[in-house]
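Asker: Handing over target-v9.tsv, TSV, C-alpha atoms.
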```
chain	number	residue	atom	x	y	z
A	346	MET	CA	-157.91	86.36	12.87
A	347	LYS	CA	-159.47	84.07	15.49
A	348	VAL	CA	-157.38	82.41	18.19
A	349	ARG	CA	-157.94	78.64	18.09
A	350	ILE	CA	-158.17	77.19	21.59
A	351	ALA	CA	-158.05	73.43	22.26
A	352	ILE	CA	-159.50	72.34	25.62
A	353	ASP	CA	-159.05	68.99	27.34
A	354	ALA	CA	-162.78	68.44	27.83
A	355	MET	CA	-162.17	65.30	29.93
A	356	GLY	CA	-159.70	66.92	32.33
A	357	GLY	CA	-160.60	67.93	35.88
A	358	ASP	CA	-162.83	66.86	38.73
A	359	PHE	CA	-166.02	68.12	37.09
A	360	ALA	CA	-165.32	67.42	33.43
A	361	PRO	CA	-166.75	67.51	30.86
A	362	ALA	CA	-169.59	69.71	32.18
A	363	VAL	CA	-167.47	72.64	33.45
A	364	CYS	CA	-165.33	72.58	30.30
A	365	VAL	CA	-168.39	72.91	28.08
A	366	GLN	CA	-169.92	75.59	30.31
A	367	GLY	CA	-166.66	77.53	30.48
A	368	ALA	CA	-166.31	77.40	26.70
A	369	GLN	CA	-169.84	78.70	26.22
A	370	LEU	CA	-169.30	81.50	28.75
A	371	ALA	CA	-166.11	82.49	26.94
A	372	LEU	CA	-167.83	82.61	23.56
A	373	ARG	CA	-170.39	85.03	24.97
A	374	GLU	CA	-167.80	87.33	26.55
A	375	ILE	CA	-164.62	87.03	24.45
A	376	SER	CA	-164.40	87.93	20.78
A	377	ASP	CA	-162.33	86.35	18.01
A	378	ILE	CA	-161.92	82.86	19.47
A	379	GLU	CA	-162.63	79.39	18.11
A	380	ILE	CA	-162.90	76.55	20.63
A	381	TYR	CA	-162.10	72.87	20.13
A	382	LEU	CA	-163.35	70.55	22.87
A	383	VAL	CA	-161.20	67.43	22.79
A	384	GLY	CA	-162.62	64.31	24.40
A	385	ARG	CA	-165.37	61.72	24.19
A	386	SER	CA	-167.93	63.19	21.82
A	387	SER	CA	-170.65	60.94	23.23
A	388	GLU	CA	-170.27	62.73	26.60
A	389	ILE	CA	-169.61	66.23	25.27
A	390	SER	CA	-172.30	66.61	22.59
A	391	PRO	CA	-175.37	66.33	24.86
A	392	LEU	CA	-174.04	69.20	27.01
A	393	ILE	CA	-173.69	71.73	24.20
A	394	LYS	CA	-176.45	74.23	23.51
A	395	GLY	CA	-175.75	75.79	20.13
A	396	ARG	CA	-172.64	74.91	18.19
A	397	GLU	CA	-171.40	78.23	16.81
A	398	GLY	CA	-167.72	78.70	17.69
A	399	ILE	CA	-167.41	75.23	19.26
A	400	HIS	CA	-166.00	72.12	17.57
A	401	ILE	CA	-165.73	68.63	19.05
A	402	ILE	CA	-162.61	66.57	18.42
A	403	ASP	CA	-163.32	62.97	19.39
A	404	ALA	CA	-160.74	61.31	21.67
A	405	LYS	CA	-161.83	57.99	23.09
A	406	GLU	CA	-159.28	57.64	25.89
A	407	VAL	CA	-158.92	59.58	29.14
A	408	ILE	CA	-155.85	59.90	31.36
A	409	ALA	CA	-157.15	59.85	34.94
A	410	MET	CA	-155.79	62.17	37.62
A	411	ASP	CA	-154.11	59.32	39.50
A	412	GLU	CA	-152.41	57.63	36.53
A	413	ALA	CA	-148.63	57.55	36.12
A	414	PRO	CA	-147.88	60.41	33.68
A	415	ALA	CA	-145.17	58.95	31.42
A	416	LEU	CA	-146.76	55.51	31.17
A	417	SER	CA	-150.26	56.82	30.46
A	418	VAL	CA	-149.02	59.26	27.81
A	419	ARG	CA	-147.22	56.44	25.98
A	420	ARG	CA	-150.04	53.92	26.27
A	421	LYS	CA	-153.06	56.15	25.64
A	422	LYS	CA	-152.26	57.62	22.25
A	423	ASP	CA	-155.93	58.57	21.68
A	424	SER	CA	-156.29	60.42	24.99
A	425	SER	CA	-157.69	63.96	25.05
A	426	ILE	CA	-154.33	65.28	26.32
A	427	ASN	CA	-152.25	63.63	23.60
A	428	LYS	CA	-154.67	64.53	20.84
A	429	ALA	CA	-154.97	68.19	21.83
A	430	ILE	CA	-151.19	68.64	22.15
A	431	LYS	CA	-150.75	67.06	18.71
A	432	MET	CA	-153.14	69.73	17.41
A	433	LEU	CA	-150.65	72.33	18.66
A	434	LYS	CA	-147.76	70.54	16.97
A	435	GLU	CA	-149.63	70.35	13.67
A	436	ARG	CA	-150.68	74.03	13.95
A	437	GLU	CA	-154.36	73.09	14.12
A	438	ALA	CA	-154.67	75.00	17.41
A	439	ASP	CA	-152.85	78.00	18.88
A	440	VAL	CA	-153.12	77.16	22.58
A	441	PHE	CA	-154.11	74.22	24.81
A	442	ILE	CA	-155.91	74.31	28.18
A	443	SER	CA	-156.22	71.39	30.61
A	444	ALA	CA	-157.47	70.88	34.17
A	445	GLY	CA	-156.47	67.22	33.95
A	446	ASN	CA	-153.44	65.23	35.09
A	447	THR	CA	-150.69	67.88	35.37
A	448	GLY	CA	-147.85	65.38	35.11
A	449	ALA	CA	-149.35	63.90	31.95
A	450	VAL	CA	-149.73	67.34	30.38
A	451	VAL	CA	-146.09	68.24	31.16
A	452	CYS	CA	-144.88	64.84	29.93
A	453	ALA	CA	-146.91	64.90	26.70
A	454	ALA	CA	-145.93	68.50	25.97
A	455	THR	CA	-142.24	67.72	26.46
A	456	MET	CA	-142.39	64.57	24.33
A	457	ILE	CA	-144.56	65.90	21.50
A	458	LEU	CA	-143.73	69.61	21.31
A	459	ARG	CA	-140.27	69.64	22.92
A	460	THR	CA	-138.89	72.63	24.79
A	461	LEU	CA	-137.81	75.91	23.25
A	462	PRO	CA	-134.18	76.16	22.07
A	463	LYS	CA	-131.75	76.13	25.06
A	464	VAL	CA	-134.56	75.49	27.56
A	465	GLU	CA	-133.86	72.25	29.43
A	466	ARG	CA	-137.06	71.92	31.50
A	467	PRO	CA	-140.45	73.65	31.42
A	468	GLY	CA	-141.88	75.32	34.52
A	469	ILE	CA	-145.40	76.07	35.73
A	470	ALA	CA	-145.93	79.71	36.68
A	471	ILE	CA	-148.74	80.95	38.90
A	472	MET	CA	-149.79	84.35	40.18
A	473	PHE	CA	-149.80	85.06	43.92
A	474	PRO	CA	-151.81	88.02	45.30
A	475	THR	CA	-149.66	90.31	47.44
A	476	VAL	CA	-150.07	93.60	49.30
A	477	LYS	CA	-148.43	95.27	46.28
A	478	GLY	CA	-150.49	93.59	43.54
A	479	PHE	CA	-149.40	90.27	42.10
A	480	SER	CA	-146.17	88.29	41.98
A	481	LEU	CA	-145.40	85.31	39.79
A	482	MET	CA	-143.98	82.06	41.18
A	483	ILE	CA	-142.21	79.53	38.96
A	484	ASP	CA	-141.97	76.49	39.24
A	485	VAL	CA	-144.93	75.06	41.18
A	486	GLY	CA	-144.80	71.43	40.15
A	487	ALA	CA	-143.49	70.68	36.67
A	488	ASN	CA	-139.95	69.73	37.74
A	489	ILE	CA	-139.29	68.39	41.26
A	490	ASP	CA	-135.68	67.35	40.65
A	491	PRO	CA	-134.13	70.34	38.88
A	492	LYS	CA	-130.59	71.45	38.13
A	493	PRO	CA	-129.37	74.99	39.00
A	494	LEU	CA	-129.56	75.96	35.31
A	495	HIS	CA	-133.26	75.08	35.25
A	496	LEU	CA	-134.04	77.57	38.02
A	497	PHE	CA	-131.92	80.22	36.32
A	498	GLN	CA	-133.98	79.74	33.16
A	499	TYR	CA	-137.20	79.87	35.18
A	500	GLY	CA	-136.15	83.33	36.30
A	501	LEU	CA	-135.70	84.51	32.71
A	502	MET	CA	-138.97	82.95	31.55
A	503	GLY	CA	-140.87	84.30	34.55
A	504	ALA	CA	-139.50	87.78	33.88
A	505	ALA	CA	-140.73	87.62	30.26
A	506	TYR	CA	-144.19	86.57	31.44
A	507	ALA	CA	-144.32	89.30	34.10
A	508	GLU	CA	-143.36	91.94	31.54
A	509	LEU	CA	-145.96	90.90	28.99
A	510	ILE	CA	-148.92	89.67	31.03
A	511	LEU	CA	-148.52	91.55	34.33
A	512	ASP	CA	-147.14	94.69	32.66
A	513	LYS	CA	-144.16	94.92	35.03
A	514	GLN	CA	-141.16	96.78	33.67
A	515	ASN	CA	-137.80	95.12	34.40
A	516	PRO	CA	-139.41	92.76	36.96
A	517	SER	CA	-137.32	91.88	40.01
A	518	LEU	CA	-136.39	88.24	40.70
A	519	GLY	CA	-136.05	86.51	44.07
A	520	LEU	CA	-134.98	82.95	44.96
A	521	LEU	CA	-137.22	81.22	47.52
A	522	ASN	CA	-134.88	79.96	50.24
A	523	ILE	CA	-134.74	79.38	54.01
A	524	GLY	CA	-133.01	82.71	54.66
A	525	GLU	CA	-131.94	85.93	52.95
A	526	GLU	CA	-128.21	85.49	53.54
A	527	GLU	CA	-126.14	84.05	50.70
A	528	SER	CA	-124.75	81.42	53.06
A	529	LYS	CA	-128.23	79.95	53.67
A	530	GLY	CA	-129.62	76.84	51.98
A	531	THR	CA	-128.17	73.75	50.36
A	532	GLU	CA	-125.22	73.69	47.96
A	533	PHE	CA	-127.83	73.45	45.20
A	534	MET	CA	-129.47	76.71	46.29
A	535	LYS	CA	-126.10	78.41	46.60
A	536	SER	CA	-125.30	77.38	43.01
A	537	VAL	CA	-128.61	78.81	41.79
A	538	ASN	CA	-127.92	82.02	43.68
A	539	THR	CA	-124.52	82.36	42.00
A	540	LEU	CA	-125.98	81.81	38.51
A	541	LEU	CA	-128.69	84.41	39.08
A	542	LYS	CA	-126.24	86.96	40.51
A	543	GLU	CA	-124.00	86.60	37.47
A	544	GLY	CA	-126.68	86.38	34.77
A	545	ALA	CA	-129.75	88.35	35.86
A	546	SER	CA	-129.35	92.10	36.39
A	547	ASN	CA	-132.72	92.38	38.16
A	548	TYR	CA	-132.00	89.62	40.73
A	549	ILE	CA	-132.42	90.84	44.33
A	550	GLY	CA	-131.18	87.68	46.10
A	551	ASN	CA	-132.80	85.14	48.41
A	552	ILE	CA	-136.29	85.68	49.80
A	553	GLU	CA	-138.08	83.74	52.53
A	554	GLY	CA	-141.55	82.22	52.57
A	555	ARG	CA	-142.82	85.09	54.72
A	556	ASP	CA	-141.90	87.55	51.93
A	557	ILE	CA	-144.17	85.99	49.28
A	558	PHE	CA	-147.38	87.84	50.12
A	559	PHE	CA	-145.65	91.14	50.83
A	560	GLY	CA	-144.57	91.49	47.20
A	561	LYS	CA	-140.85	91.69	47.90
A	562	CYS	CA	-140.15	90.75	44.28
A	563	ASP	CA	-142.11	90.38	41.04
A	564	VAL	CA	-140.94	86.86	40.17
A	565	ILE	CA	-140.37	84.18	42.82
A	566	ILE	CA	-138.08	81.34	41.66
A	567	ALA	CA	-138.51	77.91	43.25
A	568	ASP	CA	-137.91	74.28	42.45
A	569	GLY	CA	-141.13	72.39	41.63
A	570	PHE	CA	-141.26	70.55	44.95
A	571	VAL	CA	-140.90	73.62	47.18
A	572	GLY	CA	-143.07	75.75	44.89
A	573	ASN	CA	-145.89	73.22	44.92
A	574	VAL	CA	-145.78	72.92	48.72
A	575	ALA	CA	-145.86	76.74	49.02
A	576	LEU	CA	-148.83	76.87	46.65
A	577	LYS	CA	-150.83	74.17	48.46
A	578	VAL	CA	-150.11	75.64	51.90
A	579	SER	CA	-151.22	79.08	50.67
A	580	GLU	CA	-154.46	77.65	49.29
A	581	SER	CA	-155.09	75.85	52.58
A	582	VAL	CA	-154.44	78.97	54.67
A	583	ALA	CA	-156.80	81.04	52.50
A	584	MET	CA	-159.58	78.44	52.86
A	585	ALA	CA	-159.00	78.10	56.61
A	586	ILE	CA	-159.17	81.88	57.13
A	587	ALA	CA	-162.44	82.01	55.18
A	588	GLU	CA	-163.93	79.28	57.40
A	589	LEU	CA	-162.70	80.93	60.59
A	590	LEU	CA	-164.25	84.24	59.51
A	591	LYS	CA	-167.60	82.53	58.92
A	592	GLU	CA	-167.51	80.99	62.39
A	593	ARG	CA	-166.51	84.23	64.14
A	594	ILE	CA	-169.19	86.21	62.32
A	595	LYS	CA	-171.84	83.92	63.81
A	596	GLU	CA	-170.74	84.70	67.39
A	597	GLY	CA	-172.90	87.78	67.94
A	598	VAL	CA	-174.98	90.64	66.58
A	599	LEU	CA	-172.05	93.06	66.53
A	600	SER	CA	-169.97	90.55	64.56
A	601	ARG	CA	-172.75	90.19	62.00
A	602	LEU	CA	-173.17	93.96	61.72
A	603	GLY	CA	-169.42	94.44	61.30
A	604	ALA	CA	-169.36	91.77	58.61
A	605	LEU	CA	-172.21	93.51	56.78
A	606	LEU	CA	-170.29	96.79	56.77
A	607	MET	CA	-167.15	94.98	55.62
A	608	LEU	CA	-168.92	92.98	52.91
A	609	PRO	CA	-167.60	95.01	49.91
A	610	VAL	CA	-164.02	94.70	51.23
A	611	LEU	CA	-164.42	90.98	51.92
A	612	LYS	CA	-165.79	90.41	48.41
A	613	ARG	CA	-162.80	92.18	46.84
A	614	LEU	CA	-160.41	90.17	49.02
A	615	LYS	CA	-162.10	86.91	48.02
A	616	GLN	CA	-161.82	87.92	44.38
A	617	ASP	CA	-158.09	88.60	44.75
A	618	MET	CA	-157.50	85.24	46.44
A	619	ASP	CA	-159.73	83.17	44.14
A	620	TYR	CA	-157.71	81.19	41.58
A	621	ALA	CA	-160.81	81.05	39.35
A	622	GLU	CA	-160.51	84.81	38.77
A	623	HIS	CA	-157.03	84.63	37.29
A	624	GLY	CA	-157.27	81.71	34.87
A	625	GLY	CA	-154.80	78.85	34.84
A	626	ALA	CA	-151.05	78.62	35.11
A	627	PRO	CA	-148.93	78.78	31.94
A	628	LEU	CA	-146.42	76.02	31.27
A	629	LEU	CA	-143.42	78.10	30.24
A	630	GLY	CA	-140.51	76.83	28.17
A	631	ILE	CA	-142.48	74.49	25.92
A	632	ASP	CA	-142.54	75.13	22.16
A	633	GLY	CA	-146.26	75.78	22.29
A	634	ASN	CA	-148.81	77.70	24.34
A	635	ILE	CA	-150.19	75.62	27.24
A	636	ILE	CA	-152.23	76.56	30.31
A	637	ILE	CA	-152.68	74.18	33.24
A	638	CYS	CA	-155.76	74.66	35.41
A	639	HIS	CA	-156.62	73.54	38.92
A	640	GLY	CA	-158.19	70.08	39.01
A	641	SER	CA	-161.27	71.47	40.75
A	642	SER	CA	-161.70	74.30	38.25
A	643	SER	CA	-165.17	75.76	37.82
A	644	SER	CA	-166.69	76.94	34.56
A	645	LYS	CA	-165.64	80.47	35.59
A	646	ALA	CA	-162.01	79.33	35.95
A	647	ILE	CA	-162.11	77.69	32.51
A	648	LYS	CA	-163.58	80.85	30.99
A	649	ASN	CA	-160.86	83.04	32.54
A	650	SER	CA	-158.21	80.57	31.39
A	651	ILE	CA	-159.50	81.00	27.85
A	652	LYS	CA	-159.12	84.77	28.27
A	653	VAL	CA	-155.50	84.39	29.43
A	654	ALA	CA	-154.83	81.88	26.64
A	655	LYS	CA	-155.97	84.32	23.98
A	656	GLU	CA	-153.81	87.05	25.50
A	657	MET	CA	-150.75	84.75	25.52
A	658	VAL	CA	-151.14	84.02	21.82
A	659	GLU	CA	-151.82	87.61	20.77
A	660	LEU	CA	-148.85	88.97	22.76
A	661	GLY	CA	-146.52	86.32	21.35
A	662	LEU	CA	-145.40	85.04	24.76
A	663	ARG	CA	-143.74	81.90	23.43
A	664	GLU	CA	-141.69	83.91	20.93
A	665	LYS	CA	-140.70	86.48	23.57
A	666	ILE	CA	-139.47	83.76	25.93
A	667	ARG	CA	-137.58	82.05	23.10
A	668	ASP	CA	-135.82	85.31	22.23
A	669	LYS	CA	-134.91	86.01	25.87
A	670	ILE	CA	-133.38	82.57	26.41
A	671	VAL	CA	-131.48	82.51	23.12
A	672	LEU	CA	-129.72	85.76	24.01
A	673	VAL	CA	-128.22	84.27	27.20
```
Using the file provided, produce a representation of the structure as structure tokens.

Answerer:
Amino acid sequence: MKVRIAIDAMGGDFAPAVCVQGAQLALREISDIEIYLVGRSSEISPLIKGREGIHIIDAKEVIAMDEAPALSVRRKKDSSINKAIKMLKEREADVFISAGNTGAVVCAATMILRTLPKVERPGIAIMFPTVKGFSLMIDVGANIDPKPLHLFQYGLMGAAYAELILDKQNPSLGLLNIGEEESKGTEFMKSVNTLLKEGASNYIGNIEGRDIFFGKCDVIIADGFVGNVALKVSESVAMAIAELLKERIKEGVLSRLGALLMLPVLKRLKQDMDYAEHGGAPLLGIDGNIIICHGSSSSKAIKNSIKVAKEMVELGLREKIRDKIVLV
């Protein structure tokens, strides 16, 4: 049976072109999928070459990246985000992908689909490359004013994702804090630490920012504000290092020769660090399968998000998370 994937064709800095291109790449490389491009048909149709496997769902309104999430979701009922999420609710699609306004996606998903039983707030999870493989960080921007219970639930949901998608057995959990000692951090962080110690057998305690890329734990728990800052700083550092390498390589013949010899290693490193290689970030805790992509996503990133989306549906991630939370 084909996995039905709804894509916000108007979402992102380069939409709808990259959304159409990513969908067509996916159809050539991934089997058993059906794609629904949701957005302004007048802008989408001219970009499509061959229609097999692609359907256009017309949505006349667009929620811009800088619009207030809650207000725009309520006012723009015929937006691509609202319409695609309603497709999930009505079981007309199995999963939704968007590179558009993250706040609007989270808001619309919470209002239309609701959260899973017992889950109070959804969280965005993203993979970080480390010296030991990959770790998952949750939350990186869905909830910037959480309660301790929300972070405890992020740990459980992140563990379910790491088990299924990253194939990590009994994944370890760590709380991103300003120090490893239990006495460190705000009263809020101390409360989260207590909840995790009492309710998560695989919790290893606090970790610091310097531990993230050394793979100290499989799942890094953070509130949305701190997690988003950590994500953006990491992206900036990766881009800055790439630019510095380019400049240093130009400094002499030996530098150029060394770079040539290192080219295979540098290519693999770039691949590990490139968000486009790993697809988007799942919005965990919602009663539906949703993937949020980077606003500057390329067609390659959209294609890889479609791959991850199909895997999420086939592995029953939503159901696994629901079962894990209900047991607590």

Asker: Mind listing whatever residues come within 8 Å of the point (-157.8, 67.5, 25.3)? Use all atoms listed in the file, file coordinates, and give them as a VMD selection string.

Answerer: chain A and resid 351 to 356 382 to 384 404 424 to 430 441 to 443

Asker: Tell me, in Å to one decimal, how far atom CA of Lys422 of chain A is from atom CA of Arg459 of chain A.

Answerer: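 Computing the Euclidean distance for atom CA of Lys422 of chain A and atom CA of Arg459 of chain A yields 17.0 Å.
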
Asker: Please provide the set of residues having any atom within 9 Å of Phe558 of chain A, restricted to all atoms listed in the file, with same-chain residues fewer than 6 positions apart removed, written as a ChimeraX atom specification.

Answerer: /A:473-477,479-480

Asker: Report, in Å to a single decimal, how far apart atom CA of Val537 of chain A and atom CA of Lys463 of chain A are.

Answerer: 17.2 Å

Asker: Smallest atom-to-atom distance to Gly524 of chain A: which of A:Val450, A:Ile552, A:Val564, A:Leu540, using only C-alpha atoms?

Answerer: A:Ile552

Asker: Tell me, as a PyMOL selection string, which residues lie within 9 Å of Glu379 of chain A, counting only C-alpha atoms; anything in the same chain fewer than 2 positions away does not count.

Answerer: chain A and resi 347-351+372+377+381+397-400

Asker: Could you give me, as a ChimeraX atom specification, the residues within 12 Å of segment 495-498 of chain A, counting only C-alpha atoms and dropping anything in the same chain fewer than 2 positions from it?

Answerer: /A:461-469,482-485,487-493,500-505,518-521,533-545,548,564-569,572,629-630,666-667,669-673

Asker: Let me make sure I understand: among A:Ile380, A:Val451, A:Ile523, A:Cys638, which one has the smallest atom-to-atom distance to Gly624 of chain A if we use all atoms listed in the file?

Answerer: A:Cys638

Asker: To one decimal place in Å, what is the distance between atom CA of Leu576 of chain A and atom CA of Tyr499 of chain A?

Answerer: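 One can read the atom CA of Leu576 of chain A to atom CA of Tyr499 of chain A distance as 16.6 Å.
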
Asker: Show me, as JSON, the centre and edge lengths in Å to one decimal of the axis-aligned box that covers every listed atom of segment 637-650 of chain A with 4 Å on each side.

Answerer:
```
{"center_x": -159.7, "center_y": 76.6, "center_z": 35.9, "size_x": 22.0, "size_y": 21.0, "size_z": 17.8}
```

Asker: Restricting the calculation to only C-alpha atoms: of A:Ala413, A:Val363, A:Ala626, A:Cys562, which residue gets closest to Ile647 of chain A?

Answerer: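 Among A:Ala413, A:Val363, A:Ala626, A:Cys562, it is A:Val363 that comes nearest to Ile647 of chain A.
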
Asker: Counting only C-alpha atoms, which residue out of A:Asp403, A:Ile375, A:Val582, A:Glu527 sits closest to Lys655 of chain A?

Answerer: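 Comparing A:Asp403, A:Ile375, A:Val582, A:Glu527 against Lys655 of chain A, the winner is A:Ile375.
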
Asker: Which residue out of A:Leu660, A:Met472, A:Ile651, A:Met346 has the minimum interatomic distance to Ile636 of chain A when all atoms listed in the file are used?

Answerer: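 Counting all atoms listed in the file, the residue closest to Ile636 of chain A is A:Ile651.
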
Asker: Given only C-alpha atoms as the basis, pick out the residue of A:Gly625, A:Phe559, A:Lys513, A:Met410 nearest to Lys645 of chain A.

Answerer: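 Looking only at the distances to Lys645 of chain A, the closest residue turns out to be A:Gly625.
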